[in-house]
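Okay, structure first, notes after.
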Amino acid sequence: MSLAISNGFQKFLDGFSTESTRAAFLLHWAKTNEISVKTIRRGYAVQKLLEEGNSADLKPLEGYLKANVGKITLKDLEKAFETLIAPEKRRAYGTVYTPDYIIEYLFRNALKFSQGQHPQYPRICDPSCGSAGFLLKAAEILEKDYGITADRAFQAHLIGIDVDPVALENARCLIELYLASKGVQQANLSLFQLDSLLTEQLELLRLTQTQDGFDVVVTNPPYVKFQNLEPEYRTQLMEKYSQFAMGNFSLSLLFLMRGHALLSSGGTVGMITQNNLFTSLAGKNVRAYLQQTESVRRIVDFGHHKVFENASAYTCLVFLSATKNKTFEYATLSHVQTLDPPSLETLRFASIAFEKLKASKWRLANADHLANLEKIERIGKPLGVAADIKVGFATLKDTVFFVQANGKDCWVKSKNGTLYHIESEITKPAVKVSSLKETADLAHNTLRIIFPYERKNGGYKLISEERLKANYPKTYAYLLAQKDLLAQRDKGKKQYETWYAWARSQGMDAPGPKLLTKTFSRFPQFFWDKSDQLFCNGYAVFPKPPDLFSTTVPIEVLEKILNSKIMHYYAKLTSFEIEGNYQCYQKNFIERFGIPELSSSQKEKLLQLEGDEVNLFLAALYEIDIEEILEIVPQ
């Protein structure tokens with residue numbers, strides 16, 4: 001069976017020590033797989049783990065597992081071991097459970113790409129091996145495809161490295177059990193407690209007895225953001241990887257770089273990493289490095305599909321080679337309903353030329369679609385020139401500042417359920433763009449935002465606490481009751497002008513007319529807002545007024561163009577997506593979208609069209625085959 005640890009199951013396990021629970025799972029695996037306890041005790045790590053278990057706890061634990069859990073595999077045991085790691089430690093190490101079919105795809109293809117390049121007996125490394133899930137799957141494949149026995153695989157071919165001693169203990173234990181299931185009593189395992197990122201390259205290769213580098217490096221690296229690391233460790237990484245560590249960076253990208261550096265002359269890296277590698281600011285220098293080295297061999301983009309349980313990462317598979325390539329293969333699975341093993345076997349790859357890439361952002365698609373992107377961006381004016389694209393206001397505690405309008409009065413219910421009345425004079429109408437479903441919703445919006453500012457010298461100045469208390473006593477009393485909540489903004493690290501100030505000074509004016517768009521949407525949704533209300537959780541497009549050299553784009557025309565399949569097609573090919581097929585419509589992804597210059601008759605005709613007629617009209621205008629658009633954008 002596939003092990004599933006429910007909330008009730010977890011609650012039962014919480015009553016016992018981690019050591020006892022691990023020992024009970026281990027014994028349950030042995031008994032359900034008909035392997036004697038005497039046999040598994042021959043392994044050093046297994047023996048140690050069993051001795052650490054409390055004998056008084058083992059009986060109820062074994063009884064529960066026998067009654068509620070059937071036969072379990074080593075993969076189930078690995079999952080159980082990783083589940084028993086404390087949540088805070090899992091977050092610190094970025095521990096996530098990797099499905100077998102992902103490991104198999106990575107390993108088989110990395111080995112295939114390096115075949116003919118590596119020696120007869122390749123050296124294979126997982127530099128972040130955790131509980132050895134990758135190494136165990138590699139051993140299975142080496143035996144099945146290459147006739148390399150399990151004991152030989154772990155003695156001569158497979159190397160695991162991890163910084164976490166508990167993970168290595170689990171890994172050693174699981175490998176010993178795997179070998180016991182194969183009838184192997186003892187084996188010298190190549191498992192090393194090292195920091196793969198900070199250990200000097202030559203020292204790491206020396207310690208692992210791999211002088212010429214690894215022939216295959218395959219792993220699922222930690223998904224930990226730089227800002228969540230311990231300050232001292234973060235500083236060490238910044239010093240060592242200064243050219244790569246920037247912005248909202250993740251450890252996973254450093255493992256990609258380190259894996260490439262550890263390769264033998266014909267070696268291959270296969271890793272699962274975050275797919276914002278293609279477009280994020282943090283990945284810019286990594287992209288530049290990959291272009292310079294021409295090291296990418298294949299990318300499989302999972303799009304909006306999530307590979308990991310209980311993790312929000314959006315990922316891709318990346319294969320790098322030590323040798324240079326003029327082109328690489330790219331495929332995306334964003335169009336499939338379900339991510340599963342068969343979907344990986346029916347991929348259609350496009351050939352991507354390195355010379356066509358720009359480090360600022362990678363556009364990955366076949367040649368026809370890339371040519372269409374050029375057509376879209378060449379026509380007329382870029383949206384960022386024809387209009388101003390602005391973000392909304394940011395309080396960082398909208399639940400405190402948002403209030404409801406009720407006639408001339410305003411009110412808000414606090415977190416503890418207390419109802420407060422708010423003076424309407426200190427509020428402004430405001431809308432959460434993310435909550436809009438259609439343009440008509442704007443007319444029914446009753447939200448307002450507490451606006452503790454006054455106009456002064458062409459800008460806004462915070463109302464003093466003394467004046468706030470005197471002129472708006474109800475609002476002041478409410479905000480004072482929320483003072484502790486407001487202090488939590490920016491994790492309490494930022495010093496605000498005053499405790500009730502907004503977090504940022506942006507978006508304090510939003511004069512209409514404007515087009516509001518969500519940050520993430522399944523399709524283009526640009527809502528025409530004729531009012532001056534403020535907004536948050538999205539962007540606004542403000543058409544620029546005419547000047548001596550150009551005319552303005554009428555907002556009703558702009559609305560038609562931006563809500564078309566042309567924009568949807570453009571966003572699908574240039575931005576990134578999250579679960580549910582939601583595409584990103586941030587400013588940096590839409591500002592280069594071309595707005596055609598239309599004659600009066602063309603504008604008039606466009607405004608008369610609806611539905612598919614709009615898309616056909618615009619496709620002809622942009623000189624793009626509508627069928628090519630429909631390959632990417634669903635009907």
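Following the order of the structure tokens, chains are lettered A, B, ..., residues in each are numbered from 1, and ligands are numbered from 1.
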As a VMD selection string, which residues of stretch 236-331 of chain A does DSSP assign to strand (DSSP E or B)? chain A and resid 250 263 to 274 296 to 301 315 to 321 327 to 331
Selected residues written out with N, CA and C atoms, as a JSON list (two decimals), in the first residue's frame:
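again.json was written with the following content:
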```
[["chain", "number", "residue", "atom", "x", "y", "z"],
["A", 250, "SER", "N", 16.93, 31.38, -3.99],
["A", 250, "SER", "CA", 16.68, 30.11, -3.33],
["A", 250, "SER", "C", 17.93, 29.23, -3.38],
["A", 263, "LEU", "N", 30.93, 18.19, -12.03],
["A", 263, "LEU", "CA", 30.85, 17.17, -13.07],
["A", 263, "LEU", "C", 32.22, 16.77, -13.60],
["A", 264, "SER", "N", 32.29, 15.52, -14.06],
["A", 264, "SER", "CA", 33.44, 15.07, -14.84],
["A", 264, "SER", "C", 33.34, 15.69, -16.23],
["A", 265, "SER", "N", 34.32, 15.46, -17.06],
["A", 265, "SER", "CA", 34.36, 16.13, -18.37],
["A", 265, "SER", "C", 33.18, 15.78, -19.26],
["A", 266, "GLY", "N", 32.56, 14.62, -19.04],
["A", 266, "GLY", "CA", 31.41, 14.25, -19.86],
["A", 266, "GLY", "C", 30.15, 14.05, -19.04],
["A", 267, "GLY", "N", 30.13, 14.61, -17.84],
["A", 267, "GLY", "CA", 29.04, 14.35, -16.91],
["A", 267, "GLY", "C", 27.77, 15.14, -17.18],
["A", 268, "THR", "N", 26.70, 14.75, -16.46],
["A", 268, "THR", "CA", 25.38, 15.38, -16.60],
["A", 268, "THR", "C", 24.74, 15.61, -15.24],
["A", 269, "VAL", "N", 24.14, 16.78, -15.08],
["A", 269, "VAL", "CA", 23.32, 17.09, -13.90],
["A", 269, "VAL", "C", 21.86, 16.89, -14.27],
["A", 270, "GLY", "N", 21.09, 16.29, -13.36],
["A", 270, "GLY", "CA", 19.64, 16.23, -13.50],
["A", 270, "GLY", "C", 19.01, 16.66, -12.19],
["A", 271, "MET", "N", 18.30, 17.78, -12.19],
["A", 271, "MET", "CA", 17.72, 18.30, -10.94],
["A", 271, "MET", "C", 16.30, 18.77, -11.16],
["A", 272, "ILE", "N", 15.53, 18.70, -10.09],
["A", 272, "ILE", "CA", 14.23, 19.35, -10.09],
["A", 272, "ILE", "C", 14.40, 20.66, -9.32],
["A", 273, "THR", "N", 14.00, 21.75, -9.93],
["A", 273, "THR", "CA", 14.18, 23.06, -9.31],
["A", 273, "THR", "C", 12.99, 23.95, -9.65],
["A", 274, "GLN", "N", 12.95, 25.14, -9.11],
["A", 274, "GLN", "CA", 11.80, 26.03, -9.31],
["A", 274, "GLN", "C", 11.80, 26.61, -10.72],
["A", 296, "VAL", "N", 22.90, 23.81, -20.77],
["A", 296, "VAL", "CA", 21.58, 23.19, -20.66],
["A", 296, "VAL", "C", 21.41, 22.13, -21.75],
["A", 297, "ARG", "N", 20.92, 20.97, -21.36],
["A", 297, "ARG", "CA", 20.68, 19.88, -22.32],
["A", 297, "ARG", "C", 19.17, 19.68, -22.54],
["A", 298, "ARG", "N", 18.41, 19.79, -21.45],
["A", 298, "ARG", "CA", 16.95, 19.59, -21.55],
["A", 298, "ARG", "C", 16.28, 20.28, -20.38],
["A", 299, "ILE", "N", 15.08, 20.84, -20.64],
["A", 299, "ILE", "CA", 14.23, 21.38, -19.58],
["A", 299, "ILE", "C", 12.82, 20.83, -19.78],
["A", 300, "VAL", "N", 12.24, 20.31, -18.70],
["A", 300, "VAL", "CA", 10.84, 19.89, -18.69],
["A", 300, "VAL", "C", 10.12, 20.76, -17.67],
["A", 301, "ASP", "N", 9.24, 21.63, -18.16],
["A", 301, "ASP", "CA", 8.56, 22.61, -17.31],
["A", 301, "ASP", "C", 7.20, 22.06, -16.89],
["A", 315, "THR", "N", 7.68, 23.85, -10.30],
["A", 315, "THR", "CA", 9.00, 23.29, -10.60],
["A", 315, "THR", "C", 9.20, 22.89, -12.06],
["A", 316, "CYS", "N", 10.43, 22.52, -12.36],
["A", 316, "CYS", "CA", 10.81, 22.00, -13.67],
["A", 316, "CYS", "C", 11.98, 21.05, -13.47],
["A", 317, "LEU", "N", 12.24, 20.24, -14.46],
["A", 317, "LEU", "CA", 13.42, 19.38, -14.47],
["A", 317, "LEU", "C", 14.45, 20.03, -15.38],
["A", 318, "VAL", "N", 15.68, 20.13, -14.88],
["A", 318, "VAL", "CA", 16.76, 20.75, -15.65],
["A", 318, "VAL", "C", 17.91, 19.76, -15.77],
["A", 319, "PHE", "N", 18.38, 19.57, -16.99],
["A", 319, "PHE", "CA", 19.55, 18.73, -17.24],
["A", 319, "PHE", "C", 20.67, 19.60, -17.80],
["A", 320, "LEU", "N", 21.82, 19.56, -17.14],
["A", 320, "LEU", "CA", 22.99, 20.31, -17.58],
["A", 320, "LEU", "C", 24.10, 19.34, -17.94],
["A", 321, "SER", "N", 24.89, 19.67, -18.94],
["A", 321, "SER", "CA", 26.01, 18.83, -19.31],
["A", 321, "SER", "C", 27.32, 19.60, -19.16],
["A", 327, "THR", "N", 22.10, 24.18, -28.78],
["A", 327, "THR", "CA", 20.66, 24.21, -28.54],
["A", 327, "THR", "C", 20.33, 23.26, -27.39],
["A", 328, "PHE", "N", 19.11, 23.40, -26.86],
["A", 328, "PHE", "CA", 18.64, 22.43, -25.86],
["A", 328, "PHE", "C", 17.17, 22.15, -26.09],
["A", 329, "GLU", "N", 16.70, 21.05, -25.51],
["A", 329, "GLU", "CA", 15.30, 20.64, -25.65],
["A", 329, "GLU", "C", 14.45, 21.29, -24.56],
["A", 330, "TYR", "N", 13.25, 21.70, -24.95],
["A", 330, "TYR", "CA", 12.31, 22.28, -23.98],
["A", 330, "TYR", "C", 10.91, 21.74, -24.23],
["A", 331, "ALA", "N", 10.25, 21.34, -23.14],
["A", 331, "ALA", "CA", 8.85, 20.92, -23.22],
["A", 331, "ALA", "C", 8.13, 21.40, -21.97]]
```
With only C-alpha atoms as the counted atoms, please give the residues lying no more than 12 Å from A:Glu200, apart from itself and same-chain residues fewer than 4 positions off, as number ranges by chain. A: 194-196, 204-207, 240, 258, 261-262
Preceding selection exported with N, CA and C atoms as a compact mmCIF listing (two decimals), in the first residue's frame:
```
# COMPACT_ATOMS: atom_id res chain seq x y z
N LEU A 194 28.57 16.45 4.76
CA LEU A 194 29.28 17.62 4.26
C LEU A 194 28.26 18.66 3.81
N ASP A 195 28.68 19.89 3.77
CA ASP A 195 27.88 20.94 3.16
C ASP A 195 28.31 21.04 1.69
N SER A 196 27.48 20.55 0.80
CA SER A 196 27.84 20.50 -0.62
C SER A 196 28.10 21.88 -1.20
N LEU A 204 35.88 18.41 -1.57
CA LEU A 204 34.71 17.53 -1.65
C LEU A 204 35.01 16.32 -2.53
N LEU A 205 35.65 16.56 -3.67
CA LEU A 205 35.99 15.45 -4.57
C LEU A 205 37.02 14.53 -3.93
N ARG A 206 37.95 15.09 -3.16
CA ARG A 206 38.96 14.27 -2.49
C ARG A 206 38.31 13.38 -1.42
N LEU A 207 37.44 13.97 -0.62
CA LEU A 207 36.79 13.22 0.46
C LEU A 207 35.91 12.10 -0.08
N LYS A 240 30.59 33.29 -1.02
CA LYS A 240 31.08 32.26 -1.95
C LYS A 240 30.39 32.34 -3.31
N ARG A 258 26.39 24.38 -8.28
CA ARG A 258 27.41 23.53 -7.67
C ARG A 258 27.45 22.16 -8.35
N ALA A 261 29.47 22.37 -11.45
CA ALA A 261 30.90 22.51 -11.17
C ALA A 261 31.55 21.19 -10.77
N LEU A 262 30.76 20.26 -10.24
CA LEU A 262 31.31 18.99 -9.74
C LEU A 262 31.34 17.89 -10.79
```
Might you pull out every residue within 10 Å of A:Phe535, with only C-alpha atoms counted and same-chain residues fewer than 6 positions away left off, and present them as an NGL selection string? :A and (391-394 or 429-434 or 448-449 or 507-510 or 516)
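Across the structure, atom CA of A:Tyr460 and atom CA of A:Glu497 are spaced 13.0 Å apart.
For the atom pair formed by atom CA of A:Lys605 and atom CA of A:Ser531, the distance is 26.7 Å, given to one decimal.
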Rank nothing, just name the residue among A:Lys326, A:Asn588, A:Ile463, A:Leu106 nearest to A:Ala353, using only C-alpha atoms.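 With only C-alpha atoms as the atom set, the closest residue is A:Lys326.
Contact shell of A:Glu78 at 9 Å (only C-alpha atoms; same-chain neighbours under 3 positions omitted): Thr73, Leu74, Lys75, Phe81, Glu82, Thr83, Tyr97, Ser131, Ala132, Gly133, Asn170, Ala171 and Leu174 of chain A.
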So that I have them on file, write out the residues from the current selection with N, CA and C atoms, as a JSON list (two decimals), in the first residue's frame.
```
[["chain", "number", "residue", "atom", "x", "y", "z"],
["A", 73, "THR", "N", 6.40, -0.38, 1.65],
["A", 73, "THR", "CA", 7.63, -0.46, 0.86],
["A", 73, "THR", "C", 8.72, 0.40, 1.50],
["A", 74, "LEU", "N", 9.92, 0.30, 0.96],
["A", 74, "LEU", "CA", 10.99, 1.18, 1.43],
["A", 74, "LEU", "C", 10.65, 2.63, 1.14],
["A", 75, "LYS", "N", 9.94, 2.89, 0.05],
["A", 75, "LYS", "CA", 9.53, 4.26, -0.27],
["A", 75, "LYS", "C", 8.58, 4.77, 0.81],
["A", 81, "PHE", "N", 9.88, 8.28, 7.63],
["A", 81, "PHE", "CA", 11.05, 8.88, 8.27],
["A", 81, "PHE", "C", 11.07, 10.40, 8.07],
["A", 82, "GLU", "N", 10.78, 10.84, 6.84],
["A", 82, "GLU", "CA", 10.82, 12.27, 6.55],
["A", 82, "GLU", "C", 9.67, 13.01, 7.23],
["A", 83, "THR", "N", 8.53, 12.32, 7.38],
["A", 83, "THR", "CA", 7.40, 12.92, 8.09],
["A", 83, "THR", "C", 7.72, 13.14, 9.56],
["A", 97, "TYR", "N", 9.28, 15.52, -0.02],
["A", 97, "TYR", "CA", 9.26, 14.14, -0.48],
["A", 97, "TYR", "C", 9.10, 14.12, -2.00],
["A", 131, "SER", "N", 17.02, 11.23, 2.86],
["A", 131, "SER", "CA", 16.85, 9.85, 3.31],
["A", 131, "SER", "C", 17.17, 8.82, 2.23],
["A", 132, "ALA", "N", 17.87, 9.23, 1.19],
["A", 132, "ALA", "CA", 18.40, 8.33, 0.15],
["A", 132, "ALA", "C", 17.38, 7.87, -0.87],
["A", 133, "GLY", "N", 16.28, 8.59, -1.04],
["A", 133, "GLY", "CA", 15.28, 8.19, -2.03],
["A", 133, "GLY", "C", 15.85, 8.11, -3.43],
["A", 170, "ASN", "N", 19.05, 8.19, 8.58],
["A", 170, "ASN", "CA", 17.91, 7.57, 7.90],
["A", 170, "ASN", "C", 18.34, 6.93, 6.59],
["A", 171, "ALA", "N", 19.19, 7.63, 5.84],
["A", 171, "ALA", "CA", 19.66, 7.12, 4.55],
["A", 171, "ALA", "C", 20.42, 5.81, 4.73],
["A", 174, "LEU", "N", 17.97, 2.98, 5.57],
["A", 174, "LEU", "CA", 17.16, 2.53, 4.43],
["A", 174, "LEU", "C", 17.99, 1.76, 3.42]]
```
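Taking only C-alpha atoms, the non-local environment of stretch 180-192 of chain A within 7 Å (same-chain residues fewer than 2 positions away omitted) comprises Thr39, Ile40, Arg42, Gly43, Asp151, Phe154, Gln155, Leu158, Ile159, Gly160, Ile161, Asp162, Glu176, Leu177, Tyr178 and Leu194 of chain A.
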Restricted to N, CA and C atoms, what would the selected residues look like written as a tab-separated table (two decimals), in the first residue's frame?
```
chain	number	residue	atom	x	y	z
A	39	THR	N	18.15	-10.60	10.50
A	39	THR	CA	18.84	-10.21	9.25
A	39	THR	C	19.06	-8.70	9.19
A	40	ILE	N	18.04	-7.94	9.51
A	40	ILE	CA	18.20	-6.48	9.38
A	40	ILE	C	19.10	-5.91	10.47
A	42	ARG	N	21.88	-6.85	11.25
A	42	ARG	CA	23.29	-6.91	10.84
A	42	ARG	C	23.80	-5.55	10.35
A	43	GLY	N	22.87	-4.71	9.95
A	43	GLY	CA	23.26	-3.36	9.53
A	43	GLY	C	23.54	-2.48	10.73
A	151	ASP	N	24.97	-4.47	-4.05
A	151	ASP	CA	26.15	-4.21	-3.23
A	151	ASP	C	27.23	-3.49	-4.04
A	154	PHE	N	26.33	0.34	-4.45
A	154	PHE	CA	26.60	1.21	-3.30
A	154	PHE	C	28.08	1.25	-2.92
A	155	GLN	N	28.84	0.25	-3.30
A	155	GLN	CA	30.27	0.27	-2.98
A	155	GLN	C	31.07	1.07	-4.00
A	158	LEU	N	27.51	4.77	-6.16
A	158	LEU	CA	26.56	5.71	-5.58
A	158	LEU	C	27.12	6.43	-4.35
A	159	ILE	N	27.04	7.75	-4.38
A	159	ILE	CA	27.59	8.59	-3.31
A	159	ILE	C	26.51	9.55	-2.84
A	160	GLY	N	26.31	9.60	-1.54
A	160	GLY	CA	25.33	10.51	-0.96
A	160	GLY	C	25.99	11.51	-0.04
A	161	ILE	N	25.57	12.77	-0.17
A	161	ILE	CA	26.10	13.84	0.68
A	161	ILE	C	24.93	14.61	1.27
A	162	ASP	N	25.01	14.93	2.55
A	162	ASP	CA	24.00	15.78	3.18
A	162	ASP	C	24.60	16.45	4.39
A	176	GLU	N	20.69	0.00	4.13
A	176	GLU	CA	20.95	-1.31	4.74
A	176	GLU	C	19.75	-2.24	4.60
A	177	LEU	N	18.56	-1.71	4.76
A	177	LEU	CA	17.35	-2.52	4.58
A	177	LEU	C	17.21	-2.97	3.14
A	178	TYR	N	17.49	-2.08	2.21
A	178	TYR	CA	17.42	-2.43	0.78
A	178	TYR	C	18.40	-3.57	0.48
A	194	LEU	N	28.57	16.45	4.76
A	194	LEU	CA	29.28	17.62	4.26
A	194	LEU	C	28.26	18.66	3.81
```
Fewer than 2 positions away in the same chain doesn't count, so skip those; otherwise give me all residues within 12 Å of A:Ile148, counting only C-alpha atoms, as number ranges by chain. A: 120-122, 138-146, 150-158
Atom pair atom CA of A:Leu237 / atom CA of A:Asn276: separation (Å):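 Between atom CA of A:Leu237 and atom CA of A:Asn276 the gap works out to 20.6 Å.
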Taking only stretch 175-370 of chain A into account, list the residues labelled helix (DSSP H, G or I) by DSSP (computed from the backbone), as JSON, numbers by chain. {"A": [175, 176, 177, 178, 179, 180, 181, 201, 202, 203, 204, 205, 206, 207, 226, 227, 228, 231, 232, 233, 234, 235, 236, 237, 238, 239, 240, 251, 252, 253, 254, 255, 256, 257, 258, 259, 260, 261, 275, 276, 277, 278, 281, 282, 283, 284, 285, 286, 287, 288, 289, 290, 291, 292, 293, 341, 342, 343, 344, 345, 354, 355, 356, 367, 368, 369, 370]}
Neighbour list for A:Ala313 as a compact mmCIF listing (two decimals) with N, CA and C atoms, in the first residue's frame, cut-off 12 Å, only C-alpha atoms, skip fewer than 2 positions in-chain:
```
# COMPACT_ATOMS: atom_id res chain seq x y z
N GLY A 94 14.55 22.60 4.00
CA GLY A 94 13.83 22.55 2.73
C GLY A 94 13.48 21.14 2.30
N VAL A 96 11.49 18.05 1.21
CA VAL A 96 10.23 17.65 0.59
C VAL A 96 10.38 16.25 0.01
N PRO A 222 17.31 21.56 -1.65
CA PRO A 222 16.44 22.24 -0.68
C PRO A 222 15.77 23.47 -1.29
N TYR A 223 14.49 23.68 -0.93
CA TYR A 223 13.76 24.86 -1.38
C TYR A 223 13.67 25.84 -0.20
N VAL A 224 14.77 26.54 0.02
CA VAL A 224 14.84 27.49 1.13
C VAL A 224 15.26 28.84 0.58
N LYS A 225 14.48 29.88 0.88
CA LYS A 225 14.83 31.22 0.42
C LYS A 225 15.97 31.78 1.27
N SER A 250 16.93 31.38 -3.99
CA SER A 250 16.68 30.11 -3.33
C SER A 250 17.93 29.23 -3.38
N SER A 252 18.05 26.22 -4.02
CA SER A 252 17.98 25.23 -5.10
C SER A 252 18.81 25.65 -6.31
N ILE A 272 15.53 18.70 -10.09
CA ILE A 272 14.23 19.35 -10.09
C ILE A 272 14.40 20.66 -9.32
N THR A 273 14.00 21.75 -9.93
CA THR A 273 14.18 23.06 -9.31
C THR A 273 12.99 23.95 -9.65
N GLN A 274 12.95 25.14 -9.11
CA GLN A 274 11.80 26.03 -9.31
C GLN A 274 11.80 26.61 -10.72
N ASN A 275 10.62 26.65 -11.34
CA ASN A 275 10.57 27.12 -12.73
C ASN A 275 10.56 28.64 -12.87
N ASN A 276 10.62 29.37 -11.75
CA ASN A 276 10.83 30.81 -11.89
C ASN A 276 12.27 31.11 -12.27
N LEU A 277 13.08 30.07 -12.39
CA LEU A 277 14.43 30.20 -12.93
C LEU A 277 14.42 30.93 -14.27
N PHE A 302 6.96 21.96 -15.57
CA PHE A 302 5.69 21.44 -15.08
C PHE A 302 4.60 22.50 -15.02
N GLY A 303 4.93 23.75 -15.38
CA GLY A 303 3.92 24.81 -15.41
C GLY A 303 3.23 24.98 -14.08
N HIS A 304 1.88 24.92 -14.09
CA HIS A 304 1.11 25.16 -12.87
C HIS A 304 0.93 23.91 -12.02
N HIS A 305 1.44 22.77 -12.47
CA HIS A 305 1.29 21.53 -11.71
C HIS A 305 2.26 21.50 -10.53
N LYS A 306 1.79 20.98 -9.41
CA LYS A 306 2.64 20.83 -8.23
C LYS A 306 3.10 19.38 -8.12
N VAL A 307 4.40 19.20 -7.93
CA VAL A 307 4.98 17.86 -7.81
C VAL A 307 4.94 17.40 -6.36
N PHE A 308 5.14 18.32 -5.43
CA PHE A 308 5.32 17.97 -4.03
C PHE A 308 4.04 18.16 -3.23
N GLU A 309 3.78 17.21 -2.32
CA GLU A 309 2.67 17.36 -1.38
C GLU A 309 3.05 18.43 -0.35
N ASN A 310 2.07 19.23 0.02
CA ASN A 310 2.26 20.22 1.10
C ASN A 310 3.41 21.18 0.84
N ALA A 311 3.68 21.48 -0.42
CA ALA A 311 4.70 22.47 -0.76
C ALA A 311 4.18 23.29 -1.93
N THR A 315 7.68 23.85 -10.30
CA THR A 315 9.00 23.29 -10.60
C THR A 315 9.20 22.89 -12.06
N CYS A 316 10.43 22.52 -12.36
CA CYS A 316 10.81 22.00 -13.67
C CYS A 316 11.98 21.05 -13.47
N GLU A 577 3.11 30.62 -14.43
CA GLU A 577 1.77 30.29 -13.96
C GLU A 577 1.84 29.53 -12.65
N ILE A 578 0.73 29.58 -11.91
CA ILE A 578 0.63 28.87 -10.65
C ILE A 578 -0.55 27.92 -10.71
N GLU A 579 -0.74 27.16 -9.66
CA GLU A 579 -1.75 26.12 -9.62
C GLU A 579 -3.12 26.64 -10.05
```
Using only C-alpha atoms, which of the listed residues (A:Leu84, A:Phe451, A:Phe589, A:Leu609) sits closest to A:Phe16?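 Of A:Leu84, A:Phe451, A:Phe589, A:Leu609, the one nearest A:Phe16, counting only C-alpha atoms, is A:Leu84.
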